[in-house]
$ cat structure-v5.txt   # compact mmCIF, C-alpha atoms (C1' of nucleotides)
# COMPACT_ATOMS: atom_id res chain seq x y z
CA MET A 1 -15.07 33.58 0.55
CA ASP A 2 -15.69 35.83 3.49
CA LEU A 3 -12.74 38.11 4.12
CA LEU A 4 -13.19 37.67 7.85
CA SER A 5 -13.25 33.92 7.76
CA SER A 6 -11.12 32.06 10.22
CA ALA A 7 -8.19 29.97 9.15
CA GLY A 8 -9.39 26.55 10.22
CA GLY A 9 -12.99 26.34 9.14
CA ALA A 10 -14.45 26.68 5.69
CA GLY A 11 -15.80 30.18 5.86
CA ALA A 12 -17.06 30.47 9.40
CA ALA A 13 -16.12 33.51 11.47
CA GLU A 14 -15.28 32.97 15.09
CA LEU A 15 -18.33 32.73 17.30
CA SER A 16 -19.17 35.55 19.68
CA GLU A 17 -18.76 34.89 23.37
CA GLU A 18 -22.53 35.03 23.68
CA GLN A 19 -23.04 32.35 21.03
CA THR A 20 -20.44 30.18 22.66
CA LEU A 21 -22.06 30.49 26.07
CA GLU A 22 -25.32 29.32 24.54
CA LEU A 23 -23.54 26.23 23.25
CA ILE A 24 -22.01 25.59 26.66
CA GLU A 25 -25.45 25.67 28.22
CA LEU A 26 -27.04 23.55 25.49
CA LEU A 27 -24.43 20.88 26.12
CA PHE A 28 -25.28 20.94 29.80
CA PHE A 29 -29.00 20.55 29.18
CA ALA A 30 -28.56 17.93 26.47
CA TYR A 31 -26.27 15.88 28.66
CA ARG A 32 -28.60 16.25 31.63
CA ASP A 33 -31.54 14.82 29.73
CA PHE A 34 -29.47 12.34 27.75
CA THR A 35 -28.35 10.61 30.92
CA SER A 36 -31.73 10.74 32.65
CA ASP A 37 -33.31 7.78 30.82
CA PRO A 38 -30.62 5.22 31.66
CA ASP A 39 -30.39 6.61 35.17
CA GLU A 40 -33.99 5.58 35.78
CA ILE A 41 -33.41 2.10 34.45
CA LEU A 42 -30.26 1.67 36.52
CA GLU A 43 -32.18 2.49 39.67
CA GLY A 44 -34.18 -0.69 39.22
CA TYR A 45 -30.97 -2.69 39.39
CA GLY A 46 -29.47 -0.75 42.28
CA PHE A 47 -26.79 0.53 39.94
CA GLY A 48 -25.55 4.01 39.15
CA ARG A 49 -24.06 5.86 36.25
CA ALA A 50 -20.65 4.34 36.93
CA HIS A 51 -22.08 0.86 36.29
CA HIS A 52 -23.60 2.10 33.06
CA ARG A 53 -20.29 3.34 31.77
CA VAL A 54 -18.57 0.06 32.55
CA VAL A 55 -21.34 -2.05 31.03
CA HIS A 56 -21.36 0.13 27.95
CA PHE A 57 -17.64 0.08 27.23
CA VAL A 58 -17.19 -3.58 28.09
CA GLY A 59 -20.11 -4.41 25.84
CA ARG A 60 -18.69 -2.42 22.99
CA ASN A 61 -15.17 -3.76 23.53
CA PRO A 62 -15.36 -7.39 24.57
CA GLY A 63 -12.10 -8.53 26.11
CA ILE A 64 -11.08 -5.01 27.07
CA ARG A 65 -8.32 -4.80 29.64
CA VAL A 66 -8.83 -3.12 32.99
CA ALA A 67 -6.08 -0.64 32.19
CA GLU A 68 -7.81 0.48 29.03
CA LEU A 69 -11.11 0.88 30.82
CA LEU A 70 -9.36 3.06 33.37
CA ASP A 71 -7.95 5.23 30.62
CA ILE A 72 -11.37 5.63 29.06
CA LEU A 73 -13.17 6.49 32.27
CA ARG A 74 -10.31 8.53 33.74
CA ILE A 75 -10.92 7.24 37.22
CA THR A 76 -8.71 5.36 39.66
CA LYS A 77 -8.58 1.61 39.81
CA GLN A 78 -9.99 1.79 43.33
CA SER A 79 -13.08 3.53 42.02
CA LEU A 80 -13.45 1.13 39.14
CA GLY A 81 -12.76 -1.80 41.44
CA ARG A 82 -15.90 -1.49 43.47
CA VAL A 83 -18.18 -1.05 40.47
CA LEU A 84 -16.53 -3.89 38.62
CA ARG A 85 -16.79 -6.21 41.60
CA GLU A 86 -20.51 -5.50 41.93
CA LEU A 87 -21.09 -6.13 38.24
CA ILE A 88 -19.18 -9.40 38.46
CA GLU A 89 -20.90 -10.53 41.65
CA THR A 90 -24.32 -9.84 40.17
CA GLY A 91 -23.48 -11.71 36.99
CA PHE A 92 -23.38 -8.94 34.40
CA VAL A 93 -19.65 -9.03 33.73
CA PHE A 94 -17.07 -11.79 33.80
CA GLN A 95 -13.30 -11.90 33.55
CA LYS A 96 -11.02 -14.09 31.49
CA GLU A 97 -7.29 -14.51 31.77
CA GLY A 98 -5.35 -12.99 28.87
CA ASP A 99 -4.10 -15.48 26.28
CA THR A 100 -0.66 -14.04 25.72
CA ASP A 101 -0.37 -12.15 29.00
CA ARG A 102 -1.81 -14.09 31.88
CA ARG A 103 -1.69 -11.09 34.22
CA GLN A 104 -4.50 -9.51 32.29
CA ARG A 105 -8.13 -9.86 33.36
CA LEU A 106 -10.04 -9.38 30.12
CA LEU A 107 -13.58 -8.19 30.60
CA TYR A 108 -16.73 -9.48 28.93
CA LEU A 109 -20.47 -9.10 29.35
CA THR A 110 -22.54 -12.11 30.26
CA GLU A 111 -25.85 -12.62 28.48
CA SER A 112 -27.54 -10.67 31.26
CA GLY A 113 -24.93 -7.97 30.80
CA LYS A 114 -25.68 -7.78 27.10
CA ASP A 115 -29.37 -7.47 27.86
CA LEU A 116 -28.71 -4.69 30.32
CA ALA A 117 -26.42 -2.86 27.89
CA GLN A 118 -29.09 -3.03 25.22
CA GLN A 119 -31.77 -1.86 27.60
CA LEU A 120 -29.66 1.11 28.66
CA ALA A 121 -28.68 2.05 25.13
CA ALA A 122 -32.19 1.86 23.69
CA PRO A 123 -33.56 5.18 24.98
CA GLN A 124 -30.35 6.98 24.10
CA ILE A 125 -30.42 5.59 20.58
CA ASP A 126 -34.02 6.67 20.22
CA ARG A 127 -33.24 10.12 21.53
CA ILE A 128 -30.37 10.66 19.12
CA ARG A 129 -32.32 9.38 16.15
CA ALA A 130 -35.23 11.66 17.02
CA ALA A 131 -32.95 14.67 17.44
CA LEU A 132 -31.21 14.11 14.12
CA SER A 133 -34.52 13.55 12.37
CA ALA A 134 -35.61 16.96 13.60
CA CYS A 135 -32.58 18.62 12.05
CA ASP A 136 -31.81 19.47 8.45
CA GLY A 137 -29.25 18.04 6.12
CA ASP A 138 -26.10 16.41 7.38
CA ALA A 139 -26.68 17.19 11.01
CA HIS A 140 -25.21 13.80 11.86
CA GLY A 141 -21.90 14.54 10.23
CA PHE A 142 -21.54 17.98 11.74
CA TYR A 143 -22.60 16.88 15.17
CA ARG A 144 -20.14 14.02 15.10
CA ASP A 145 -17.30 16.21 13.86
CA VAL A 146 -17.84 18.91 16.46
CA LEU A 147 -17.97 16.40 19.30
CA PHE A 148 -14.85 14.75 17.99
CA HIS A 149 -12.97 18.04 18.00
CA LEU A 150 -14.11 18.87 21.52
CA ILE A 151 -12.01 15.93 22.67
CA ASN A 152 -8.44 16.69 23.74
CA ALA A 153 -6.33 16.68 20.58
CA GLN A 154 -3.90 14.14 21.99
CA ASP A 155 -6.72 11.70 22.72
CA ARG A 156 -8.58 11.88 19.42
CA ALA A 157 -6.69 9.12 17.68
CA ASN A 158 -7.30 6.78 20.59
CA VAL A 159 -10.97 7.63 20.71
CA ARG A 160 -11.39 7.11 17.00
CA ARG A 161 -9.71 3.75 17.19
CA LEU A 162 -11.91 2.82 20.11
CA ILE A 163 -15.29 3.83 18.76
CA VAL A 164 -15.02 2.95 15.10
CA LYS A 165 -15.57 -0.78 14.77
CA PRO A 166 -14.25 -2.68 11.78
CA GLU A 167 -16.87 -4.54 9.75
CA MET B 5 -8.34 14.47 11.34
CA ASP B 6 -11.69 13.58 9.87
CA LEU B 7 -13.50 10.91 11.76
CA LEU B 8 -15.57 9.17 9.16
CA SER B 9 -16.87 9.90 5.71
CA SER B 10 -20.19 11.63 6.08
CA ALA B 11 -22.93 10.77 3.66
CA GLY B 12 -26.05 12.01 5.41
CA GLY B 13 -28.54 14.38 3.90
CA ALA B 14 -31.94 15.94 4.21
CA GLY B 15 -34.59 13.34 4.83
CA ALA B 16 -31.81 10.81 5.15
CA ALA B 17 -32.53 7.33 6.40
CA GLU B 18 -32.38 6.67 10.09
CA LEU B 19 -28.93 6.20 11.50
CA SER B 20 -27.75 2.65 12.04
CA GLU B 21 -27.43 1.44 15.60
CA GLU B 22 -23.68 1.37 15.10
CA GLN B 23 -23.56 5.00 14.01
CA THR B 24 -25.71 6.00 16.92
CA LEU B 25 -23.51 4.18 19.41
CA GLU B 26 -20.54 6.09 18.06
CA LEU B 27 -22.36 9.34 18.77
CA ILE B 28 -23.20 8.18 22.28
CA GLU B 29 -19.53 7.52 22.92
CA LEU B 30 -18.39 10.76 21.33
CA LEU B 31 -20.70 12.68 23.63
CA PHE B 32 -19.19 10.89 26.60
CA PHE B 33 -15.63 11.71 25.58
CA ALA B 34 -16.44 15.29 24.59
CA TYR B 35 -18.18 15.92 27.88
CA ARG B 36 -15.37 14.26 29.80
CA ASP B 37 -12.77 16.59 28.33
CA PHE B 38 -15.04 19.61 28.20
CA THR B 39 -15.46 19.55 31.96
CA SER B 40 -11.83 18.77 32.76
CA ASP B 41 -10.49 22.32 32.33
CA PRO B 42 -12.86 24.03 34.77
CA ASP B 43 -12.50 21.10 37.15
CA GLU B 44 -8.80 21.89 37.51
CA ILE B 45 -9.47 25.56 38.16
CA LEU B 46 -12.15 24.77 40.72
CA GLU B 47 -9.73 22.64 42.69
CA GLY B 48 -7.69 25.72 43.47
CA TYR B 49 -10.72 27.25 45.17
CA GLY B 50 -11.76 24.08 46.98
CA PHE B 51 -14.86 23.94 44.85
CA GLY B 52 -16.40 21.21 42.74
CA ARG B 53 -18.48 20.93 39.61
CA ALA B 54 -21.63 21.79 41.54
CA HIS B 55 -20.20 25.19 42.42
CA HIS B 56 -19.33 25.72 38.77
CA ARG B 57 -22.89 25.12 37.68
CA VAL B 58 -24.29 27.53 40.23
CA VAL B 59 -21.76 30.25 39.43
CA HIS B 60 -22.39 29.82 35.74
CA PHE B 61 -26.18 30.02 35.83
CA VAL B 62 -26.30 32.80 38.42
CA GLY B 63 -23.80 34.75 36.36
CA ARG B 64 -25.83 34.31 33.21
CA ASN B 65 -29.12 35.04 34.97
CA PRO B 66 -28.59 37.73 37.58
CA GLY B 67 -31.44 37.81 40.04
CA ILE B 68 -32.42 34.20 39.35
CA ARG B 69 -34.67 32.63 41.95
CA VAL B 70 -33.60 29.57 43.92
CA ALA B 71 -36.56 27.62 42.53
CA GLU B 72 -35.50 28.26 38.95
CA LEU B 73 -31.95 27.23 39.71
CA LEU B 74 -33.28 24.00 41.17
CA ASP B 75 -35.28 23.36 38.02
CA ILE B 76 -32.23 23.95 35.86
CA LEU B 77 -29.90 21.76 37.87
CA ARG B 78 -32.50 19.10 38.66
CA ILE B 79 -31.19 18.58 42.15
CA THR B 80 -32.85 18.92 45.54
CA LYS B 81 -32.81 22.13 47.50
CA GLN B 82 -30.80 20.35 50.19
CA SER B 83 -28.05 19.63 47.66
CA LEU B 84 -28.12 23.15 46.31
CA GLY B 85 -28.25 24.55 49.83
CA ARG B 86 -24.80 23.51 50.84
CA VAL B 87 -23.15 24.68 47.63
CA LEU B 88 -24.98 27.98 47.71
CA ARG B 89 -24.09 28.55 51.34
CA GLU B 90 -20.42 27.96 50.60
CA LEU B 91 -20.48 30.33 47.64
CA ILE B 92 -22.18 33.01 49.74
CA GLU B 93 -19.85 32.52 52.71
CA THR B 94 -16.81 32.81 50.49
CA GLY B 95 -18.12 35.93 48.82
CA PHE B 96 -18.81 34.76 45.28
CA VAL B 97 -22.61 34.97 45.42
CA PHE B 98 -25.01 37.20 47.31
CA GLN B 99 -28.77 37.20 47.81
CA LYS B 100 -31.28 40.01 47.54
CA GLU B 101 -34.88 40.02 48.64
CA GLY B 102 -37.36 39.98 45.78
CA ASP B 103 -38.98 43.33 45.00
CA THR B 104 -42.51 42.12 44.43
CA ASP B 105 -42.29 38.86 46.38
CA ARG B 106 -40.27 39.25 49.52
CA ARG B 107 -40.08 35.51 50.09
CA GLN B 108 -37.72 35.23 47.16
CA ARG B 109 -33.96 35.26 47.60
CA LEU B 110 -32.71 36.48 44.27
CA LEU B 111 -29.19 35.41 43.45
CA TYR B 112 -26.35 37.51 42.06
CA LEU B 113 -22.61 37.17 41.57
CA THR B 114 -20.27 39.48 43.42
CA GLU B 115 -17.33 40.94 41.52
CA SER B 116 -15.24 37.97 42.66
CA GLY B 117 -18.01 35.71 41.42
CA LYS B 118 -17.96 37.36 38.02
CA ASP B 119 -14.22 36.92 37.87
CA LEU B 120 -14.54 33.26 38.75
CA ALA B 121 -17.30 32.71 36.19
CA GLN B 122 -15.17 34.28 33.50
CA GLN B 123 -12.16 32.23 34.50
CA LEU B 124 -14.17 29.01 34.35
CA ALA B 125 -15.82 29.84 31.06
CA ALA B 126 -12.63 30.86 29.27
CA PRO B 127 -11.20 27.40 28.52
CA GLN B 128 -14.60 26.10 27.48
CA ILE B 129 -15.12 29.03 25.12
CA ASP B 130 -11.70 28.42 23.65
CA ARG B 131 -12.40 24.73 23.25
CA ILE B 132 -15.67 25.28 21.44
CA ARG B 133 -14.25 27.92 19.15
CA ALA B 134 -11.34 25.65 18.28
CA ALA B 135 -13.64 22.70 17.60
CA LEU B 136 -15.93 24.70 15.35
CA SER B 137 -12.98 26.20 13.52
CA ALA B 138 -11.84 22.69 12.71
CA CYS B 139 -15.19 21.85 11.16
CA ASP B 140 -16.68 22.89 7.86
CA GLY B 141 -19.40 25.35 7.07
CA ASP B 142 -22.28 25.78 9.43
CA ALA B 143 -21.11 23.32 12.03
CA HIS B 144 -22.23 25.79 14.67
CA GLY B 145 -25.85 25.78 13.54
CA PHE B 146 -26.05 22.03 13.23
CA TYR B 147 -24.32 21.38 16.51
CA ARG B 148 -26.65 23.83 18.26
CA ASP B 149 -29.76 22.33 16.68
CA VAL B 150 -28.87 18.75 17.52
CA LEU B 151 -28.08 19.59 21.13
CA PHE B 152 -31.33 21.51 21.38
CA HIS B 153 -33.31 18.52 20.14
CA LEU B 154 -31.58 16.17 22.55
CA ILE B 155 -33.30 18.08 25.34
CA ASN B 156 -36.64 16.74 26.54
CA ALA B 157 -39.30 18.16 24.25
CA GLN B 158 -41.30 19.58 27.11
CA ASP B 159 -38.27 21.49 28.40
CA ARG B 160 -37.08 23.01 25.13
CA ALA B 161 -39.12 26.19 25.32
CA ASN B 162 -37.86 26.86 28.83
CA VAL B 163 -34.28 26.24 27.84
CA ARG B 164 -34.52 28.52 24.83
CA ARG B 165 -35.96 31.29 26.91
CA LEU B 166 -33.24 30.78 29.45
CA ILE B 167 -30.21 30.72 27.19
CA VAL B 168 -31.12 33.24 24.51
CA LYS B 169 -30.46 36.68 25.94
CA PRO B 170 -32.27 39.76 24.60
CA GLU B 171 -30.05 42.54 23.25
C1' DT C 15 -59.47 37.65 58.26
C1' DA C 16 -58.22 32.89 58.63
C1' DA C 17 -56.49 29.15 56.04
C1' DA C 18 -53.75 27.40 52.53
C1' DA C 19 -50.14 27.53 49.41
C1' DT C 20 -45.54 29.08 48.16
C1' DA C 21 -40.42 30.19 48.53
C1' DT C 22 -36.85 29.20 51.02
C1' DG C 23 -33.89 27.20 54.61
C1' DT C 24 -32.17 23.61 57.68
C1' DC C 25 -31.30 19.24 60.41
C1' DA C 26 -30.33 14.42 60.11
C1' DA C 27 -29.31 10.27 58.01
C1' DT C 28 -27.82 7.80 53.95
C1' DA C 29 -25.83 6.45 49.30
C1' DT C 30 -22.79 6.86 45.34
C1' DG C 31 -18.76 7.58 43.32
C1' DG C 32 -14.87 9.79 43.31
C1' DC C 33 -9.97 10.37 45.72
C1' DT C 34 -5.03 9.20 48.07
C1' DG C 35 -1.88 6.07 50.05
C1' DA C 36 -0.21 1.74 51.06
C1' DC C 37 0.45 -2.78 50.16
C1' DA C 38 0.03 -7.53 47.78
C1' DT C 39 0.34 -10.97 44.03
C1' DA C 40 1.35 -12.93 39.86
C1' DA C 41 3.42 -12.71 35.58
C1' DA C 42 6.23 -10.58 32.07
C1' DT C 43 10.41 -8.20 30.88
C1' DT C 44 15.13 -6.86 31.40
C1' DA D 6 17.66 -12.35 39.72
C1' DA D 7 15.78 -7.94 39.67
C1' DT D 8 12.54 -4.94 37.94
C1' DT D 9 8.44 -3.62 35.87
C1' DT D 10 3.71 -4.32 34.75
C1' DA D 11 -1.30 -5.59 35.41
C1' DT D 12 -4.33 -6.08 38.63
C1' DG D 13 -6.55 -6.22 43.19
C1' DT D 14 -7.55 -4.71 47.85
C1' DC D 15 -7.72 -2.40 52.49
C1' DA D 16 -8.60 1.83 54.85
C1' DG D 17 -9.99 6.33 55.18
C1' DC D 18 -11.64 10.58 53.23
C1' DC D 19 -14.38 13.90 50.39
C1' DA D 20 -18.01 15.77 47.26
C1' DT D 21 -22.41 15.47 45.82
C1' DA D 22 -26.42 13.64 45.59
C1' DT D 23 -30.72 11.54 48.01
C1' DT D 24 -35.20 11.27 51.32
C1' DG D 25 -37.86 12.91 55.07
C1' DA D 26 -39.17 16.07 58.41
C1' DC D 27 -39.75 20.43 59.99
C1' DA D 28 -39.43 25.81 60.34
C1' DT D 29 -40.26 30.60 58.83
C1' DA D 30 -41.86 34.24 56.30
C1' DT D 31 -44.84 35.81 52.88
C1' DT D 32 -48.33 35.63 49.44
C1' DT D 33 -52.62 34.00 47.81
C1' DT D 34 -57.06 32.22 48.37
C1' DA D 35 -61.48 30.93 50.30
$ encode --input "structure-v5.txt" --output "structure tokens"
Amino acid sequence: MDLLSSAGGAGAAELSEEQTLELIELLFFAYRDFTSDPDEILEGYGFGRAHHRVVHFVGRNPGIRVAELLDILRITKQSLGRVLRELIETGFVFQKEGDTDRRQRLLYLTESGKDLAQQLAAPQIDRIRAALSACDGDAHGFYRDVLFHLINAQDRANVRRLIVKPE
Amino acid sequence: MDLLSSAGGAGAAELSEEQTLELIELLFFAYRDFTSDPDEILEGYGFGRAHHRVVHFVGRNPGIRVAELLDILRITKQSLGRVLRELIETGFVFQKEGDTDRRQRLLYLTESGKDLAQQLAAPQIDRIRAALSACDGDAHGFYRDVLFHLINAQDRANVRRLIVKPE
DNA sequence: TAAAATATGTCAATATGGCTGACATAAATT
DNA sequence: AATTTATGTCAGCCATATTGACATATTTTA
């Protein structure tokens, strides 16, 4: 084992500032291009990135409460309100009263909403698969672990619970 | 704090749609938190994320041309114009006429600009170092390679040239 | 040299997606 | 019965992006 290894990782010394800045920039460029495909599709519907996020998370979490969506997106209910109203008016999302708590407005995608979600996800899925195919070994595992640890420590448990779906 | 058991490998089969969707969501959450630290700092200056991007890329590429900055940010010159003007008026950026081409307005950070860039980068550097320390082995290399391959293929050479600095 | 292309800047109008603050309603909890 | 919670909405504001048109200076080209 390397004598200079850091405590947390398994043998990796701390990155230089230069190396870290490269990663900062790579994340910017990757995110820029990653969002560009759905952005083009959304234009055809008169929607923006905010609609994409709502459609995505409602699609992945049918029956999600408004409060939870707000916590995911970290925006105000006023901001979400407009986007949600548009998605409901145009028939991509619908609301259902909560079973146990009738104050809740549980959110679901309509069939059109599911189609849209799939259409938006497709190019991103392709892009990720292509990127991982171009990398060696367990790139998937490492990529996933690094992203996970970039999330605020106090939010990681919530995120894991949210994204990992039981079979 | 491991997320999932990882069983990838070289020449591994394509990721399932479910696995890919998890990566899509992780990128969203990682980016959300990654940008939150500088966002707070920027507020104190009355700046936004657009100012951050300009300060960052001018700081990393002293003497960058406006056209190249536009290509990096993928925004219109009108959008850049306002942000750039504010940064110049407040003394964080200055322009210099190009040596060979006097139409060019080469961009540089002032000392205040360098301070600001460093201040904005610091929490992101810390966050990346902490994330990589929490991961095994060559997480850095894999993370870097995946991000690189998420970039549009036709842009990768440009990005590499831009982010890798000669010693 | 004149014409065209390039690098940059700016004015005006518009759209999206955030924000704060205030207030309202219905339903659950205390 | 009073309070809290979950949600919605009105109004106004701000930041950041857009398109289109036009201006200026400079370089390149025919």
$ closest_residue --input "structure-v5.txt" --among "C:DA36, C:DA29, C:DA21, C:DA16" --to "chain B" --atoms "only C-alpha atoms (C1' of nucleotides)"
C:DA21
$ calpha_fit_rmsd --input "structure-v5.txt" --fixed "chain B" --moving "chain A"
4.5 Å
$ atom_distance --input "structure-v5.txt" --atom1 "CA of Leu26 (chain A)" --atom2 "C1' of DT23 (chain D)"
25.8 Å
$ interface_residues --input "structure-v5.txt" --of "chain A" --to "chain C" --cutoff "12 Å" --atoms "all atoms listed in the file" --output "compact mmCIF listing (two decimals) with C-alpha atoms, keeping the file's coordinate frame"
# COMPACT_ATOMS: atom_id res chain seq x y z
CA GLU A 43 -32.18 2.49 39.67
CA GLY A 46 -29.47 -0.75 42.28
CA PHE A 47 -26.79 0.53 39.94
CA GLY A 48 -25.55 4.01 39.15
CA ARG A 49 -24.06 5.86 36.25
CA ALA A 50 -20.65 4.34 36.93
CA HIS A 51 -22.08 0.86 36.29
CA LEU A 73 -13.17 6.49 32.27
CA ARG A 74 -10.31 8.53 33.74
CA ILE A 75 -10.92 7.24 37.22
CA THR A 76 -8.71 5.36 39.66
CA LYS A 77 -8.58 1.61 39.81
CA GLN A 78 -9.99 1.79 43.33
CA SER A 79 -13.08 3.53 42.02
CA LEU A 80 -13.45 1.13 39.14
CA GLY A 81 -12.76 -1.80 41.44
CA ARG A 82 -15.90 -1.49 43.47
CA VAL A 83 -18.18 -1.05 40.47
CA GLU A 97 -7.29 -14.51 31.77
CA GLY A 98 -5.35 -12.99 28.87
CA THR A 100 -0.66 -14.04 25.72
CA ASP A 101 -0.37 -12.15 29.00
CA ARG A 102 -1.81 -14.09 31.88
CA ARG A 103 -1.69 -11.09 34.22
CA GLN A 104 -4.50 -9.51 32.29
CA ARG A 105 -8.13 -9.86 33.36
$ atom_distance --input "structure-v5.txt" --atom1 "CA of Phe29 (chain A)" --atom2 "CA of Ile155 (chain B)"
6.3 Å
$ residues_around --input "structure-v5.txt" --residues "Glu22 (chain A)" --least-positions-apart "4" --cutoff "9 Å" --atoms "only C-alpha atoms (C1' of nucleotides)" --output "list in words"
Glu17, Glu18, Leu26 and Leu27 of chain A; Arg148, Ile167 and Val168 of chain B
$ write_last_selection --input "structure-v5.txt" --atoms "C-alpha atoms" --output "PDB file, in the frame of the given file"
ATOM      1  CA  GLU A  17     -18.760  34.890  23.370  1.00  0.00           C
ATOM      2  CA  GLU A  18     -22.530  35.030  23.680  1.00  0.00           C
ATOM      3  CA  LEU A  26     -27.040  23.550  25.490  1.00  0.00           C
ATOM      4  CA  LEU A  27     -24.430  20.880  26.120  1.00  0.00           C
TER       5      LEU A  27
ATOM      6  CA  ARG B 148     -26.650  23.830  18.260  1.00  0.00           C
ATOM      7  CA  ILE B 167     -30.210  30.720  27.190  1.00  0.00           C
ATOM      8  CA  VAL B 168     -31.120  33.240  24.510  1.00  0.00           C
TER       9      VAL B 168
END
$ interface_residues --input "structure-v5.txt" --of "chain D" --to "chain B" --cutoff "7 Å" --atoms "all atoms listed in the file" --output "list in words"
DA22, DA30 and DT31 of chain D
$ residues_near_point --input "structure-v5.txt" --point "(-23.9, 27.2, 33.4)" --cutoff "12 Å" --atoms "only C-alpha atoms (C1' of nucleotides)" --output "MDAnalysis selection string"
(chainID A and resid 20:29) or (chainID B and resid 39 42 53:65 73 76:77 121:122 124:125 128 163 166:167)
$ closest_residue --input "structure-v5.txt" --among "B:Leu111, B:Ala138, B:Ala126, B:Val97" --to "chain A" --atoms "all atoms listed in the file"
B:Ala138
$ atom_distance --input "structure-v5.txt" --atom1 "CA of Pro166 (chain A)" --atom2 "CA of Gly63 (chain A)"
15.6 Å
$ closest_residue --input "structure-v5.txt" --among "A:Asp99, A:Asp136, A:Glu167, A:Glu111" --to "chain B" --atoms "only C-alpha atoms"
A:Asp136
$ decode --input "structure-v5.txt" --residues "region 89-94 of chain B" --atoms "all heavy atoms" --output "PDB file, in the first residue's frame"
ATOM      1  N   ARG B  89     -20.286  42.347 -19.285  1.00  0.00           N
ATOM      2  CA  ARG B  89     -20.277  43.772 -18.964  1.00  0.00           C
ATOM      3  C   ARG B  89     -20.295  44.008 -17.462  1.00  0.00           C
ATOM      4  O   ARG B  89     -19.551  44.833 -16.918  1.00  0.00           O
ATOM      5  CB  ARG B  89     -21.480  44.457 -19.641  1.00  0.00           C
ATOM      6  CG  ARG B  89     -21.609  45.930 -19.326  1.00  0.00           C
ATOM      7  CD  ARG B  89     -22.671  46.615 -20.167  1.00  0.00           C
ATOM      8  NE  ARG B  89     -23.868  45.810 -20.424  1.00  0.00           N
ATOM      9  CZ  ARG B  89     -24.829  45.589 -19.555  1.00  0.00           C
ATOM     10  NH1 ARG B  89     -24.759  46.122 -18.348  1.00  0.00           N
ATOM     11  NH2 ARG B  89     -25.878  44.848 -19.883  1.00  0.00           N
ATOM     12  N   GLU B  90     -21.147  43.231 -16.763  1.00  0.00           N
ATOM     13  CA  GLU B  90     -21.217  43.373 -15.309  1.00  0.00           C
ATOM     14  C   GLU B  90     -19.894  43.003 -14.640  1.00  0.00           C
ATOM     15  O   GLU B  90     -19.444  43.670 -13.702  1.00  0.00           O
ATOM     16  CB  GLU B  90     -22.350  42.494 -14.757  1.00  0.00           C
ATOM     17  CG  GLU B  90     -23.736  43.040 -15.089  1.00  0.00           C
ATOM     18  CD  GLU B  90     -24.852  42.042 -14.775  1.00  0.00           C
ATOM     19  OE1 GLU B  90     -24.533  40.895 -14.359  1.00  0.00           O
ATOM     20  OE2 GLU B  90     -26.022  42.396 -14.961  1.00  0.00           O
ATOM     21  N   LEU B  91     -19.281  41.934 -15.141  1.00  0.00           N
ATOM     22  CA  LEU B  91     -18.016  41.496 -14.544  1.00  0.00           C
ATOM     23  C   LEU B  91     -16.893  42.504 -14.806  1.00  0.00           C
ATOM     24  O   LEU B  91     -15.980  42.665 -13.982  1.00  0.00           O
ATOM     25  CB  LEU B  91     -17.623  40.119 -15.080  1.00  0.00           C
ATOM     26  CG  LEU B  91     -18.447  38.949 -14.541  1.00  0.00           C
ATOM     27  CD1 LEU B  91     -18.150  37.667 -15.297  1.00  0.00           C
ATOM     28  CD2 LEU B  91     -18.182  38.744 -13.044  1.00  0.00           C
ATOM     29  N   ILE B  92     -16.969  43.167 -15.951  1.00  0.00           N
ATOM     30  CA  ILE B  92     -15.948  44.172 -16.278  1.00  0.00           C
ATOM     31  C   ILE B  92     -16.182  45.442 -15.456  1.00  0.00           C
ATOM     32  O   ILE B  92     -15.253  46.001 -14.872  1.00  0.00           O
ATOM     33  CB  ILE B  92     -15.978  44.476 -17.788  1.00  0.00           C
ATOM     34  CG1 ILE B  92     -15.447  43.256 -18.563  1.00  0.00           C
ATOM     35  CG2 ILE B  92     -15.141  45.706 -18.104  1.00  0.00           C
ATOM     36  CD1 ILE B  92     -15.671  43.324 -20.060  1.00  0.00           C
ATOM     37  N   GLU B  93     -17.481  45.840 -15.385  1.00  0.00           N
ATOM     38  CA  GLU B  93     -17.815  47.050 -14.631  1.00  0.00           C
ATOM     39  C   GLU B  93     -17.472  46.919 -13.151  1.00  0.00           C
ATOM     40  O   GLU B  93     -17.125  47.907 -12.496  1.00  0.00           O
ATOM     41  CB  GLU B  93     -19.308  47.372 -14.790  1.00  0.00           C
ATOM     42  CG  GLU B  93     -19.658  48.002 -16.141  1.00  0.00           C
ATOM     43  CD  GLU B  93     -21.162  48.145 -16.322  1.00  0.00           C
ATOM     44  OE1 GLU B  93     -21.938  47.705 -15.433  1.00  0.00           O
ATOM     45  OE2 GLU B  93     -21.567  48.702 -17.352  1.00  0.00           O
ATOM     46  N   THR B  94     -17.593  45.716 -12.630  1.00  0.00           N
ATOM     47  CA  THR B  94     -17.326  45.517 -11.209  1.00  0.00           C
ATOM     48  C   THR B  94     -15.878  45.116 -10.952  1.00  0.00           C
ATOM     49  O   THR B  94     -15.505  44.798  -9.822  1.00  0.00           O
ATOM     50  CB  THR B  94     -18.265  44.449 -10.618  1.00  0.00           C
ATOM     51  OG1 THR B  94     -18.261  43.303 -11.482  1.00  0.00           O
ATOM     52  CG2 THR B  94     -19.692  44.970 -10.513  1.00  0.00           C
TER      53      THR B  94
END
